[in-house]
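Asks: Just so it is clear, I am handing over data.cif, which has mmCIF, C-alpha atoms.
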```
data_target
#
loop_
_atom_site.label_atom_id
_atom_site.label_comp_id
_atom_site.auth_asym_id
_atom_site.auth_seq_id
_atom_site.Cartn_x
_atom_site.Cartn_y
_atom_site.Cartn_z
CA MET H 35 -38.47 109.40 -124.60
CA ARG H 36 -36.92 108.46 -127.96
CA MET H 37 -38.59 105.06 -127.68
CA LEU H 38 -41.98 106.80 -127.16
CA ARG H 39 -41.41 108.89 -130.30
CA TRP H 40 -40.92 105.70 -132.33
CA LEU H 41 -44.05 104.18 -130.80
CA ILE H 42 -46.30 107.16 -131.46
CA LEU H 43 -46.24 106.75 -135.24
CA PRO H 44 -47.46 103.13 -135.37
CA LEU H 45 -49.86 103.82 -132.48
CA LEU H 46 -51.50 106.54 -134.56
CA VAL H 47 -51.15 105.05 -138.03
CA ILE H 48 -52.30 101.47 -137.36
CA PRO H 49 -55.66 102.27 -135.69
CA LEU H 50 -56.33 105.09 -138.17
CA SER H 51 -55.64 102.78 -141.14
CA TRP H 52 -57.88 100.12 -139.61
CA VAL H 53 -60.72 102.64 -139.12
CA LEU H 54 -60.38 103.94 -142.68
CA LEU H 55 -60.15 100.48 -144.26
CA THR H 56 -63.11 99.03 -142.39
CA GLY H 57 -65.09 102.27 -142.66
CA PHE H 58 -64.79 102.48 -146.42
CA SER H 59 -65.64 98.82 -146.99
CA VAL H 60 -69.15 99.07 -145.51
CA ASN H 61 -72.23 100.89 -146.71
CA PRO H 62 -72.93 103.54 -144.05
CA ASN H 63 -76.61 103.52 -144.96
CA GLU H 64 -76.99 99.80 -144.38
CA VAL H 65 -78.78 99.04 -141.15
CA PRO H 66 -78.12 95.57 -139.73
CA SER H 67 -81.36 93.81 -138.92
CA ALA H 68 -82.24 93.39 -135.26
CA LEU H 69 -84.53 90.50 -136.29
CA ILE H 70 -81.80 88.02 -137.27
CA GLY H 71 -82.23 84.90 -135.14
CA LYS H 72 -85.69 86.00 -133.99
CA PRO H 73 -89.11 84.81 -135.09
CA MET H 74 -90.68 86.50 -138.11
CA PRO H 75 -93.28 89.11 -137.11
CA SER H 76 -96.77 87.69 -137.54
CA PHE H 77 -99.20 89.41 -139.91
CA SER H 78 -102.50 89.11 -141.65
CA LEU H 79 -102.79 91.31 -144.74
CA GLN H 80 -104.91 91.70 -147.84
CA THR H 81 -103.18 90.87 -151.10
CA LEU H 82 -103.52 92.69 -154.42
CA SER H 83 -105.83 89.91 -155.59
CA GLY H 84 -108.13 90.52 -152.63
CA GLU H 85 -107.25 87.43 -150.59
CA THR H 86 -106.08 87.39 -146.98
CA LEU H 87 -102.48 86.35 -146.43
CA ASP H 88 -101.82 85.10 -142.92
CA SER H 89 -98.28 84.44 -141.69
CA ALA H 90 -99.58 81.30 -139.95
CA ASP H 91 -100.35 79.85 -143.41
CA LEU H 92 -96.63 80.03 -144.25
CA ALA H 93 -95.55 77.91 -141.27
CA GLY H 94 -93.28 74.99 -142.07
CA ARG H 95 -91.90 76.49 -145.30
CA PRO H 96 -88.93 78.74 -145.96
CA VAL H 97 -90.19 82.25 -146.72
CA MET H 98 -88.70 85.20 -148.59
CA VAL H 99 -90.40 88.52 -147.79
CA ASN H 100 -89.62 91.27 -150.31
CA PHE H 101 -90.60 94.88 -149.57
CA TRP H 102 -90.99 96.83 -152.81
CA ALA H 103 -92.65 99.86 -154.41
CA SER H 104 -93.44 100.93 -157.95
CA TRP H 105 -91.60 104.23 -157.39
CA CYS H 106 -88.41 102.41 -156.37
CA GLY H 107 -85.84 102.20 -159.18
CA PRO H 108 -83.72 99.35 -157.72
CA CYS H 109 -86.94 97.30 -157.34
CA VAL H 110 -87.20 97.26 -161.14
CA THR H 111 -83.60 95.95 -161.35
CA GLU H 112 -84.18 93.06 -158.95
CA HIS H 113 -87.68 92.14 -160.15
CA PRO H 114 -86.57 89.62 -162.87
CA LEU H 115 -84.59 87.78 -160.19
CA LEU H 116 -87.70 87.40 -158.04
CA LEU H 117 -89.69 86.08 -161.02
CA ASP H 118 -86.89 83.62 -161.71
CA ALA H 119 -86.73 82.55 -158.05
CA GLN H 120 -90.48 81.85 -158.10
CA ARG H 121 -90.08 79.70 -161.26
CA ARG H 122 -87.13 77.75 -159.83
CA TYR H 123 -87.98 77.39 -156.16
CA GLY H 124 -91.71 78.14 -156.01
CA ASP H 125 -92.49 74.54 -155.05
CA ARG H 126 -90.41 74.71 -151.83
CA LEU H 127 -90.15 78.43 -151.09
CA ALA H 128 -92.94 80.89 -150.26
CA ILE H 129 -92.22 84.29 -151.77
CA VAL H 130 -94.23 87.19 -150.36
CA GLY H 131 -94.11 90.67 -151.85
CA VAL H 132 -95.07 93.52 -149.50
CA ILE H 133 -96.00 96.80 -151.16
CA TYR H 134 -94.21 99.62 -149.32
CA GLN H 135 -95.82 103.08 -149.21
CA ASP H 136 -97.47 102.81 -152.59
CA SER H 137 -100.97 102.77 -154.05
CA THR H 138 -102.48 99.47 -155.15
CA ASP H 139 -103.10 100.91 -158.64
CA ALA H 140 -99.43 101.84 -159.06
CA ALA H 141 -98.36 98.43 -157.75
CA ARG H 142 -100.68 96.63 -160.21
CA ALA H 143 -99.36 98.78 -163.08
CA PHE H 144 -95.79 97.83 -162.05
CA LEU H 145 -96.64 94.10 -162.15
CA ASP H 146 -98.42 94.49 -165.52
CA LYS H 147 -95.34 96.16 -166.95
CA HIS H 148 -92.56 94.10 -165.38
CA GLY H 149 -94.28 90.76 -164.90
CA ASP H 150 -96.31 89.10 -162.16
CA GLY H 151 -94.57 86.12 -160.55
CA GLY H 152 -97.82 84.70 -159.29
CA TYR H 153 -96.79 84.93 -155.65
CA PRO H 154 -98.89 87.06 -153.26
CA ASP H 155 -98.25 90.80 -152.96
CA ALA H 156 -99.55 92.11 -149.66
CA VAL H 157 -100.88 95.62 -149.09
CA ASP H 158 -99.25 97.06 -145.96
CA GLU H 159 -101.58 99.86 -144.84
CA GLY H 160 -99.69 102.51 -142.85
CA SER H 161 -96.42 100.52 -143.20
CA ARG H 162 -97.23 98.57 -140.04
CA LEU H 163 -95.57 95.35 -141.21
CA ALA H 164 -92.58 97.30 -142.57
CA LEU H 165 -92.23 98.78 -139.10
CA ASP H 166 -92.37 95.32 -137.48
CA PHE H 167 -89.65 94.09 -139.83
CA GLY H 168 -87.54 97.23 -139.27
CA VAL H 169 -87.57 98.26 -142.94
CA THR H 170 -85.69 101.47 -143.77
CA GLY H 171 -86.57 101.68 -147.47
CA PRO H 172 -87.30 99.42 -150.44
CA PRO H 173 -86.10 97.10 -151.73
CA GLU H 174 -85.40 95.03 -148.65
CA THR H 175 -85.73 91.27 -148.46
CA TYR H 176 -85.91 89.02 -145.42
CA PHE H 177 -85.13 85.30 -145.47
CA ILE H 178 -87.03 83.15 -142.96
CA ASP H 179 -86.32 79.44 -142.45
CA SER H 180 -88.96 76.71 -142.20
CA SER H 181 -89.09 77.07 -138.40
CA GLY H 182 -90.14 80.72 -138.80
CA VAL H 183 -86.82 82.31 -137.72
CA VAL H 184 -85.37 85.25 -139.66
CA ARG H 185 -81.92 84.15 -140.89
CA ALA H 186 -80.81 86.88 -143.31
CA LYS H 187 -81.65 90.28 -144.70
CA GLN H 188 -80.79 91.88 -148.01
CA PHE H 189 -80.43 95.64 -147.84
CA GLY H 190 -81.03 97.09 -151.31
CA PRO H 191 -81.59 95.15 -154.52
CA LEU H 192 -80.81 91.45 -154.70
CA ASP H 193 -78.31 90.10 -157.19
CA ALA H 194 -77.92 86.46 -158.17
CA PRO H 195 -75.00 85.59 -155.83
CA ALA H 196 -76.66 87.30 -152.82
CA LEU H 197 -79.93 85.50 -153.58
CA GLN H 198 -78.19 82.09 -153.80
CA THR H 199 -76.24 82.67 -150.58
CA LYS H 200 -79.20 83.87 -148.58
CA LEU H 201 -81.58 81.20 -149.89
CA ALA H 202 -78.98 78.58 -148.90
CA MET H 203 -79.10 80.03 -145.36
CA ILE H 204 -82.77 79.04 -145.15
CA GLY H 205 -82.21 75.65 -146.70
CA VAL H 206 -83.22 76.43 -150.29
CA SER H 207 -80.76 75.48 -153.03
CA GLU H 208 -80.72 73.98 -156.52
CA MET P 138 -56.55 141.38 -108.79
CA ARG P 139 -55.14 138.02 -107.72
CA ALA P 140 -56.42 138.61 -104.18
CA LEU P 141 -59.97 138.73 -105.55
CA LEU P 142 -59.65 135.39 -107.36
CA LEU P 143 -60.26 133.15 -104.33
CA PRO P 144 -63.34 134.95 -102.90
CA VAL P 145 -64.89 135.26 -106.38
CA SER P 146 -64.31 131.54 -107.09
CA VAL P 147 -65.79 130.54 -103.73
CA ALA P 148 -68.80 132.81 -104.31
CA ALA P 149 -69.35 131.33 -107.79
CA LEU P 150 -69.15 127.77 -106.43
CA LEU P 151 -71.59 128.61 -103.63
CA ALA P 152 -74.01 130.16 -106.13
CA LEU P 153 -73.81 127.07 -108.34
CA GLY P 154 -74.38 124.80 -105.35
CA ALA P 155 -77.40 126.84 -104.26
CA LEU P 156 -78.83 126.70 -107.81
CA ALA P 157 -78.34 122.90 -107.96
CA LEU P 158 -80.02 122.50 -104.55
CA PHE P 159 -82.91 124.76 -105.57
CA THR P 160 -83.42 122.78 -108.80
CA ALA P 161 -83.23 119.45 -106.99
CA LEU P 162 -85.80 120.54 -104.39
CA GLN P 163 -88.31 121.73 -107.01
CA PRO P 164 -91.35 119.43 -107.01
CA ALA P 165 -91.04 117.17 -110.08
CA VAL P 166 -93.95 117.64 -112.47
CA ALA P 167 -94.80 114.38 -114.24
CA PRO P 168 -94.86 114.93 -118.02
CA THR P 169 -98.25 114.48 -119.66
CA ARG P 170 -98.79 111.72 -122.21
CA VAL P 171 -98.64 114.30 -125.01
CA GLU P 172 -95.29 115.55 -123.70
CA GLN P 173 -93.98 111.98 -123.41
CA ALA P 174 -95.08 111.22 -126.98
CA ALA P 175 -93.50 114.42 -128.30
CA ARG P 176 -90.24 113.64 -126.52
CA LEU P 177 -90.14 110.05 -127.80
CA ALA P 178 -90.79 111.31 -131.33
CA THR P 179 -87.72 113.54 -131.10
CA GLU P 180 -85.60 110.63 -129.83
CA LEU P 181 -86.53 108.12 -132.54
CA ARG P 182 -85.02 108.19 -136.02
CA CYS P 183 -87.31 108.34 -139.04
CA PRO P 184 -86.48 105.01 -140.77
CA ASP P 185 -86.67 106.26 -144.35
CA CYS P 186 -85.18 109.75 -143.98
CA ALA P 187 -81.63 111.04 -143.75
CA GLY P 188 -80.89 112.03 -140.15
CA LEU P 189 -84.37 113.27 -139.25
CA SER P 190 -86.33 112.37 -136.16
CA VAL P 191 -89.83 110.97 -136.32
CA ALA P 192 -91.04 114.33 -134.98
CA GLN P 193 -89.41 116.24 -137.87
CA SER P 194 -90.43 113.95 -140.72
CA THR P 195 -93.65 113.86 -142.74
CA THR P 196 -93.16 110.40 -144.30
CA SER P 197 -95.74 107.68 -143.86
CA SER P 198 -93.33 105.61 -141.73
CA ALA P 199 -92.78 108.53 -139.36
CA ALA P 200 -96.54 109.07 -139.10
CA THR P 201 -97.03 105.36 -138.34
CA ILE P 202 -94.36 105.47 -135.63
CA ARG P 203 -95.93 108.58 -134.08
CA ALA P 204 -99.32 106.82 -134.08
CA GLU P 205 -97.73 103.71 -132.55
CA ILE P 206 -96.08 105.81 -129.81
CA ASN P 207 -99.44 107.38 -128.96
CA ALA P 208 -101.23 104.02 -129.04
CA GLN P 209 -98.68 102.34 -126.77
CA LEU P 210 -98.61 105.20 -124.26
CA ALA P 211 -102.42 105.23 -124.22
CA ALA P 212 -102.36 101.48 -123.54
CA GLY P 213 -100.25 102.15 -120.44
CA ALA P 214 -96.72 101.50 -121.73
CA THR P 215 -93.90 103.52 -120.20
CA PRO P 216 -91.60 105.60 -122.46
CA ASP P 217 -88.85 103.01 -121.83
CA GLU P 218 -91.12 100.21 -123.01
CA VAL P 219 -92.00 102.17 -126.15
CA ARG P 220 -88.31 102.79 -126.84
CA ARG P 221 -87.57 99.08 -126.35
CA HIS P 222 -90.38 98.15 -128.76
CA PHE P 223 -88.66 100.03 -131.59
CA VAL P 224 -85.12 98.96 -130.61
CA GLN P 225 -86.27 95.31 -130.82
CA ARG P 226 -87.24 95.90 -134.47
CA TYR P 227 -84.58 98.33 -135.71
CA GLY P 228 -81.78 97.87 -133.21
CA GLU P 229 -80.05 100.78 -131.43
CA TRP P 230 -79.91 102.51 -134.83
CA ILE P 231 -83.46 103.79 -134.32
CA LEU P 232 -82.31 105.94 -131.36
CA LEU P 233 -80.84 109.26 -132.46
CA SER P 234 -78.63 109.52 -129.36
CA PRO P 235 -76.28 106.63 -128.56
CA THR P 236 -76.96 104.82 -125.30
CA SER P 237 -73.44 103.50 -124.77
CA PRO P 238 -71.55 105.61 -122.18
CA ILE P 239 -68.35 105.10 -124.25
CA ALA P 240 -69.84 107.23 -127.02
CA TRP P 241 -70.17 110.14 -124.57
CA LEU P 242 -67.01 109.62 -122.53
CA LEU P 243 -64.55 108.91 -125.36
CA PRO P 244 -64.62 112.42 -126.91
CA ILE P 245 -64.27 114.03 -123.45
CA GLY P 246 -61.35 111.71 -122.64
CA LEU P 247 -59.67 112.50 -125.96
CA LEU P 248 -60.17 116.23 -125.43
CA LEU P 249 -58.66 116.05 -121.94
CA ALA P 250 -55.69 114.02 -123.23
CA ALA P 251 -55.17 116.57 -126.01
CA CYS P 252 -55.29 119.46 -123.47
CA VAL P 253 -52.74 117.71 -121.23
CA GLY P 254 -50.50 117.03 -124.24
CA LEU P 255 -50.78 120.64 -125.43
CA ALA P 256 -50.07 122.03 -121.95
CA ALA P 257 -46.99 119.81 -121.61
CA TRP P 258 -45.74 120.89 -125.01
CA LEU P 259 -46.33 124.59 -124.27
CA LEU P 260 -44.50 124.35 -120.92
CA ARG P 261 -41.50 122.75 -122.61
CA TRP P 262 -41.54 125.37 -125.34
CA ARG P 263 -41.68 128.33 -122.92
CA SER P 264 -38.79 127.20 -120.74
CA PRO P 265 -36.09 125.76 -122.96
CA ALA P 266 -33.19 124.09 -121.20
CA PRO P 267 -30.35 126.60 -120.74
CA ALA P 268 -27.75 126.02 -123.40
CA ALA P 269 -24.41 125.01 -121.97
CA ALA P 270 -21.75 127.66 -122.58
CA ALA P 271 -19.40 126.55 -125.28
CA PRO P 272 -15.88 126.10 -123.98
CA VAL P 273 -13.56 128.82 -125.17
CA ALA P 274 -10.14 127.76 -126.25
CA ALA P 275 -7.30 129.21 -124.13
CA ALA P 276 -5.62 130.65 -127.25
CA GLU P 277 -8.81 132.47 -128.24
CA LEU P 278 -9.20 133.85 -124.72
CA ARG P 279 -5.63 135.12 -124.81
CA ARG P 280 -6.15 136.77 -128.21
CA VAL P 281 -9.29 138.63 -127.02
CA ARG P 282 -7.50 139.78 -123.83
CA ASP P 283 -4.51 141.02 -125.88
CA GLU P 284 -6.83 142.94 -128.24
CA ALA P 285 -8.64 144.56 -125.30
CA GLU P 286 -5.37 145.58 -123.73
CA ALA P 287 -4.18 146.96 -127.06
CA LEU P 288 -7.34 149.09 -127.29
CA ASP P 289 -6.90 150.38 -123.74
CA ALA P 290 -3.28 151.33 -124.44
#
```
Mind turning the file's structure into structure tokens?

Replies:
Amino acid sequence: MRMLRWLILPLLVIPLSWVLLTGFSVNPNEVPSALIGKPMPSFSLQTLSGETLDSADLAGRPVMVNFWASWCGPCVTEHPLLLDAQRRYGDRLAIVGVIYQDSTDAARAFLDKHGDGGYPDAVDEGSRLALDFGVTGPPETYFIDSSGVVRAKQFGPLDAPALQTKLAMIGVSE
Amino acid sequence: MRALLLPVSVAALLALGALALFTALQPAVAPTRVEQAARLATELRCPDCAGLSVAQSTTSSAATIRAEINAQLAAGATPDEVRRHFVQRYGEWILLSPTSPIAWLLPIGLLLAACVGLAAWLLRWRSPAPAAAAPVAAAELRRVRDEAEALDA
């Protein structure tokens, strides 16, 4: 009985500490992607410049799909990083912007103000593509390797280390 | 009062059994497509809201999911297939109720364990072990007896 009393404390404290430590080190809002290791959803969308962007045209290249909106504050923060990525890796990486629940006018105004990287920005009517990717809110970025398989997801705005790490996962590095 | 306990319990159990039998024998009415869609919408989480179902939310994503549910049911998909379609994209997160039986059984198990622990503690508390009588020294016993005799005298 005395032995049990000594065991109860660690039996309670150790699991509770583990739950608290692991619980506080993750973002409860972050939703892990169910698409990791699966093929990228196929799509055919109009871009802001009026062209048709077909996912089949991206085959054979690593792709970075960034869901963004003009009303999204963190999208402003990460935008310079996307412009920089296009300058540095544009020759071997296809960057695709997907406008999430926003008007085309507002999206164009955003690009005029913050800079247009020159990569296509697709208009996702009714958020159908966002639904296929399992997007929960912008910004979200998906990293697809040259064989068309989703390898990583960034929940929230990208920063330089996260961008480097996730690009390396799809075979894109300096 | 105690004599009534057994017949009342038996009567209550019989009534419950009869109700369960009656419910089970009711002819099952297949839900309409509208009912199936409404039910699915209450089960699926709105992706860009905080804790709301697709049925409760007015966001564009929720509207798209509701339209997709209707389209898939109209195309002949079963509610399970529709659920699977969204789980394949969002993972189990998209379902508002967890599917793992552990999620349902664990709280019940913990509650039962707590009840058993509490009952054991209460039983111990109500019937404390009788304290052993402290031995009385022979000299003390003699002194008390002498005092009693002195009072009687």

Asks: If the PyMOL selection byres ((chain H) within 10 of (chain P)) were run on this exact file, what residues would it hold? Put them as a compact mmCIF listing (two decimals) with C-alpha atoms, in the coordinates of the input.

Replies:
```txt
# COMPACT_ATOMS: atom_id res chain seq x y z
CA ASN H 63 -76.61 103.52 -144.96
CA VAL H 65 -78.78 99.04 -141.15
CA PRO H 66 -78.12 95.57 -139.73
CA SER H 67 -81.36 93.81 -138.92
CA ALA H 68 -82.24 93.39 -135.26
CA LEU H 69 -84.53 90.50 -136.29
CA ILE H 70 -81.80 88.02 -137.27
CA LYS H 72 -85.69 86.00 -133.99
CA PRO H 75 -93.28 89.11 -137.11
CA TYR H 134 -94.21 99.62 -149.32
CA GLN H 135 -95.82 103.08 -149.21
CA GLU H 159 -101.58 99.86 -144.84
CA GLY H 160 -99.69 102.51 -142.85
CA SER H 161 -96.42 100.52 -143.20
CA ARG H 162 -97.23 98.57 -140.04
CA ALA H 164 -92.58 97.30 -142.57
CA LEU H 165 -92.23 98.78 -139.10
CA ASP H 166 -92.37 95.32 -137.48
CA PHE H 167 -89.65 94.09 -139.83
CA GLY H 168 -87.54 97.23 -139.27
CA VAL H 169 -87.57 98.26 -142.94
CA THR H 170 -85.69 101.47 -143.77
CA GLY H 171 -86.57 101.68 -147.47
CA PRO H 172 -87.30 99.42 -150.44
```

Asks: Leaving out range 210-214 of chain P and any residue of its chain fewer than 4 positions from it, which residues lie within 9 Å of it when counting all atoms listed in the file, given as a short mmCIF file (atom, residue, chain, number, x, y, z; two decimals) with C-alpha atoms, keeping the file's coordinate frame?

Replies:
```
data_model
loop_
_atom_site.label_atom_id
_atom_site.label_comp_id
_atom_site.auth_asym_id
_atom_site.auth_seq_id
_atom_site.Cartn_x
_atom_site.Cartn_y
_atom_site.Cartn_z
CA ARG P 170 -98.79 111.72 -122.21
CA GLN P 173 -93.98 111.98 -123.41
CA ALA P 174 -95.08 111.22 -126.98
CA GLU P 205 -97.73 103.71 -132.55
CA ILE P 206 -96.08 105.81 -129.81
CA GLU P 218 -91.12 100.21 -123.01
CA VAL P 219 -92.00 102.17 -126.15
#
```

Asks: Tell me which residues the PyMOL selection byres ((chain P and resi 178-180) around 8) grabs here, as an mmCIF file with C-alpha atoms, in the frame of the given file.

Replies:
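Final output, expr07.cif:
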```
data_model
loop_
_atom_site.group_PDB
_atom_site.id
_atom_site.type_symbol
_atom_site.label_atom_id
_atom_site.label_comp_id
_atom_site.auth_asym_id
_atom_site.auth_seq_id
_atom_site.Cartn_x
_atom_site.Cartn_y
_atom_site.Cartn_z
ATOM 1 C CA ALA P 174 -95.080 111.220 -126.980
ATOM 2 C CA ALA P 175 -93.500 114.420 -128.300
ATOM 3 C CA ARG P 176 -90.240 113.640 -126.520
ATOM 4 C CA LEU P 177 -90.140 110.050 -127.800
ATOM 5 C CA LEU P 181 -86.530 108.120 -132.540
ATOM 6 C CA ARG P 182 -85.020 108.190 -136.020
ATOM 7 C CA SER P 190 -86.330 112.370 -136.160
ATOM 8 C CA VAL P 191 -89.830 110.970 -136.320
ATOM 9 C CA ALA P 192 -91.040 114.330 -134.980
ATOM 10 C CA GLN P 193 -89.410 116.240 -137.870
ATOM 11 C CA ARG P 203 -95.930 108.580 -134.080
ATOM 12 C CA ILE P 206 -96.080 105.810 -129.810
ATOM 13 C CA LEU P 232 -82.310 105.940 -131.360
ATOM 14 C CA LEU P 233 -80.840 109.260 -132.460
ATOM 15 C CA SER P 234 -78.630 109.520 -129.360
#
```

Asks: Looking at all atoms listed in the file, which of H:Trp102, H:Gly152, H:Leu55, H:Leu192 is the one that sits closest to Arg121 in chain H?

Replies: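 Of H:Trp102, H:Gly152, H:Leu55, H:Leu192, the one nearest Arg121 in chain H, counting all atoms listed in the file, is H:Gly152.
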
Asks: Could you please determine the separation between CA of Ser76 in chain H and CA of Asp91 in chain H in Å, to one decimal place?

Replies: 10.4 Å

Asks: Could you check how far CA of Asn100 in chain H sits from CA of Tyr176 in chain H, in Å to one decimal?

Replies: 6.5 Å

Asks: With the file shown as input, list the residues that the PyMOL selection byres ((chain H and resi 148) around 8) selects, as a PyMOL selection string.

Replies: chain H and resi 110+113-114+144-147+149-150

Asks: Could you tell me how far CA of Ser180 in chain H sits from CA of Gly71 in chain H, in Å to one decimal place?

Replies: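 Interatomic distance, CA of Gly71 in chain H to CA of Ser180 in chain H: 12.7 Å.
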
Asks: In file coordinates, which residues lie within 7 Å of (-90.5, 86.8, -141.9) using only C-alpha atoms, given as a list in words?

Replies: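 Nearby residues: Met74, Pro75, Val97, Val99, Tyr176, Phe177, Ile178, Gly182 and Val184 of chain H.
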